[in-house]
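Chemist: This is the structure I want to talk about, given as structure tokens.
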Amino acid sequence: MPLRSPRAGRLDARQPFLRCEAIKAGLTDLELSGPRFRQLFWGVHISASVAPTLALRCRAALLIAPSPALLTHHTAAILWGATVPPSPAIHVGILAGARLRAEGITTHRYAGLPASARRNGLPVPTPEQTFLDLASWLSLVDLVVLGDSLVGQGVTTPQRLVDTSADAHGRGARLARRAARLVRAGVDSPMETRVRLLFVLAGLPEPVVNFAIRDETGRTMYRIDLSFPDLFLAIEYDGRHHIARQGQWRQDLARREELESDGWRFVVLVAEDIYSTPEQTLARLVNAFAERGRRVRIRREEWRRYFPGRQPG
């Protein structure tokens, strides 16, 4: 939707543009407030025919941010493809002393902007810095979910998160160091992280992530989400995504039956087991260990802080 004006040439309304640019292109405030345009932030507009994607909202925020600026925190995590609790705002990092106030933008000030990269053409802190930034915003479990997903995207490693967190200081640094030590490679979903952390925070043994079952030639036949291979004990999370993938679900069930015939014992969990009845879930695992000849017990109560379960009444 290029707009032409004898005074200003062209204005591409398919991209965010400033009010001052629109006025120079011959538009009026009345036109900008009409049905042809939508306002993304105060003083930043776009054609009403264009869906306001995250990338467009990020570009709009940077238009009114003082330079230099980065997209940080939750926004950066999403741009890196990681899992983070939702935040409706666009998070922008600027230098201390600079000003940026706009509804829909959360501003973060740095004494000096951190090392940056570009993601989808947009400036963001490195994955490691994004992890550190969010350590002062997230709980331990959500921070480990973030770390696991950053590693799963191939943009960092557990060791790089550990090394970066070791040098951190200030708010969130202690949590970042602890969370980084709990990040693992090979995690396929946020719920697998939560299941693993439920066990770890209860003081139970930590399961192996993504254990490979190989045939006699060394070829990988199956991978188990979480397991204790020495006990032939597997823990798998069955998410609702299987409903939309019936073929994959049937394959998973067939694989599970085959492994059970080889002596594996499966504990299969769903969302309710983690969010509503975590205490019963821990008891199931303790019993599964006992069936395999190993006595374990819940040694810590920290799990209750992050997995409170369904409250009576």
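The chains in the structure tokens are called A, B, ... from first to last as shown; in each chain the residues are counted from 1, and the ligands are counted from 1 in the order shown.
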Tell me, as a PDB file with N, CA and C atoms, in the first residue's frame, which residues lie within 7 Å of Val162 of chain A, counting only C-alpha atoms; anything in the same chain fewer than 4 positions away does not count.
Modeler:
ATOM      1  N   PRO A 158      24.107 -25.941  27.279  1.00  0.00           N
ATOM      2  CA  PRO A 158      24.067 -25.864  28.743  1.00  0.00           C
ATOM      3  C   PRO A 158      25.357 -25.284  29.320  1.00  0.00           C
ATOM      4  N   ALA A 166      27.974 -17.882  35.619  1.00  0.00           N
ATOM      5  CA  ALA A 166      29.011 -17.860  36.660  1.00  0.00           C
ATOM      6  C   ALA A 166      29.585 -16.463  36.834  1.00  0.00           C
ATOM      7  N   ARG A 177      22.455 -18.911  38.040  1.00  0.00           N
ATOM      8  CA  ARG A 177      23.487 -19.935  38.205  1.00  0.00           C
ATOM      9  C   ARG A 177      22.864 -21.288  38.541  1.00  0.00           C
ATOM     10  N   ALA A 180      20.910 -22.597  35.382  1.00  0.00           N
ATOM     11  CA  ALA A 180      21.804 -23.028  34.302  1.00  0.00           C
ATOM     12  C   ALA A 180      22.344 -24.424  34.562  1.00  0.00           C
ATOM     13  N   ARG A 181      22.597 -24.744  35.824  1.00  0.00           N
ATOM     14  CA  ARG A 181      23.110 -26.090  36.155  1.00  0.00           C
ATOM     15  C   ARG A 181      22.055 -27.163  35.955  1.00  0.00           C
TER      16      ARG A 181
END
Chemist: For segment 294-301 of chain A, please output as number ranges by chain all residues within 12 Å (counting only C-alpha atoms; exclusion window: fewer than 4 positions along the same chain).
Modeler: A: 198-206, 228, 230-233, 278-290, 305-308
Chemist: Go through A:Ala76, A:Leu71, A:Ile274, A:Ala60 and flag the residue nearest Gly93 of chain A, using only C-alpha atoms for the distances.
Modeler: A:Leu71
Chemist: Within segment 58-114 of chain A, find each residue whose DSSP state, derived from the backbone, is alpha helix (DSSP H), and express the selection as a PyMOL selection string.
Modeler: chain A and resi 58-64+73-79
Chemist: Any chance you could export the current selection's N, CA, C and O atoms as a CSV table (one decimal), in the first residue's frame?
Modeler:
chain,number,residue,atom,x,y,z
A,58,CYS,N,7.6,-5.2,16.8
A,58,CYS,CA,9.0,-5.0,17.3
A,58,CYS,C,9.6,-3.8,16.5
A,58,CYS,O,10.2,-2.9,17.0
A,59,ARG,N,9.4,-3.8,15.1
A,59,ARG,CA,9.9,-2.7,14.3
A,59,ARG,C,9.2,-1.4,14.7
A,59,ARG,O,9.9,-0.3,14.7
A,60,ALA,N,7.9,-1.4,15.0
A,60,ALA,CA,7.2,-0.2,15.4
A,60,ALA,C,7.8,0.3,16.7
A,60,ALA,O,8.0,1.5,16.9
A,61,ALA,N,8.1,-0.6,17.7
A,61,ALA,CA,8.7,-0.1,19.0
A,61,ALA,C,10.0,0.5,18.8
A,61,ALA,O,10.4,1.5,19.4
A,62,LEU,N,10.8,-0.1,17.9
A,62,LEU,CA,12.2,0.4,17.6
A,62,LEU,C,12.1,1.8,17.0
A,62,LEU,O,13.1,2.6,17.1
A,63,LEU,N,11.1,2.1,16.2
A,63,LEU,CA,10.9,3.4,15.5
A,63,LEU,C,10.9,4.5,16.6
A,63,LEU,O,11.4,5.6,16.3
A,64,ILE,N,10.3,4.3,17.7
A,64,ILE,CA,10.2,5.4,18.7
A,64,ILE,C,11.2,5.2,19.9
A,64,ILE,O,11.2,6.0,20.8
A,73,HIS,N,14.4,-9.4,26.9
A,73,HIS,CA,13.6,-10.2,27.8
A,73,HIS,C,12.6,-11.1,27.1
A,73,HIS,O,13.1,-11.9,26.2
A,74,HIS,N,11.3,-11.1,27.4
A,74,HIS,CA,10.4,-12.0,26.8
A,74,HIS,C,10.4,-11.9,25.3
A,74,HIS,O,10.3,-12.9,24.6
A,75,THR,N,10.5,-10.7,24.8
A,75,THR,CA,10.4,-10.5,23.3
A,75,THR,C,11.6,-11.2,22.7
A,75,THR,O,11.5,-11.9,21.6
A,76,ALA,N,12.8,-11.0,23.2
A,76,ALA,CA,14.0,-11.6,22.7
A,76,ALA,C,13.9,-13.1,22.7
A,76,ALA,O,14.3,-13.8,21.8
A,77,ALA,N,13.4,-13.7,23.9
A,77,ALA,CA,13.2,-15.1,24.0
A,77,ALA,C,12.3,-15.7,22.9
A,77,ALA,O,12.7,-16.7,22.3
A,78,ILE,N,11.2,-15.0,22.6
A,78,ILE,CA,10.3,-15.5,21.6
A,78,ILE,C,11.0,-15.4,20.2
A,78,ILE,O,10.9,-16.3,19.4
A,79,LEU,N,11.8,-14.3,19.9
A,79,LEU,CA,12.5,-14.2,18.7
A,79,LEU,C,13.6,-15.3,18.5
A,79,LEU,O,13.9,-15.7,17.4
Chemist: Kindly indicate which residue among A:Thr28, A:Thr277, A:Gln15, A:Thr220 lies nearest to Val50 of chain A, using only C-alpha atoms for the distances.
Modeler: A:Gln15
Chemist: One decimal, in Å: what's the spacing between atom CA of Gly121 of chain A and atom CA of Ser49 of chain A?
Modeler: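 One can read the atom CA of Gly121 of chain A to atom CA of Ser49 of chain A distance as 22.8 Å.
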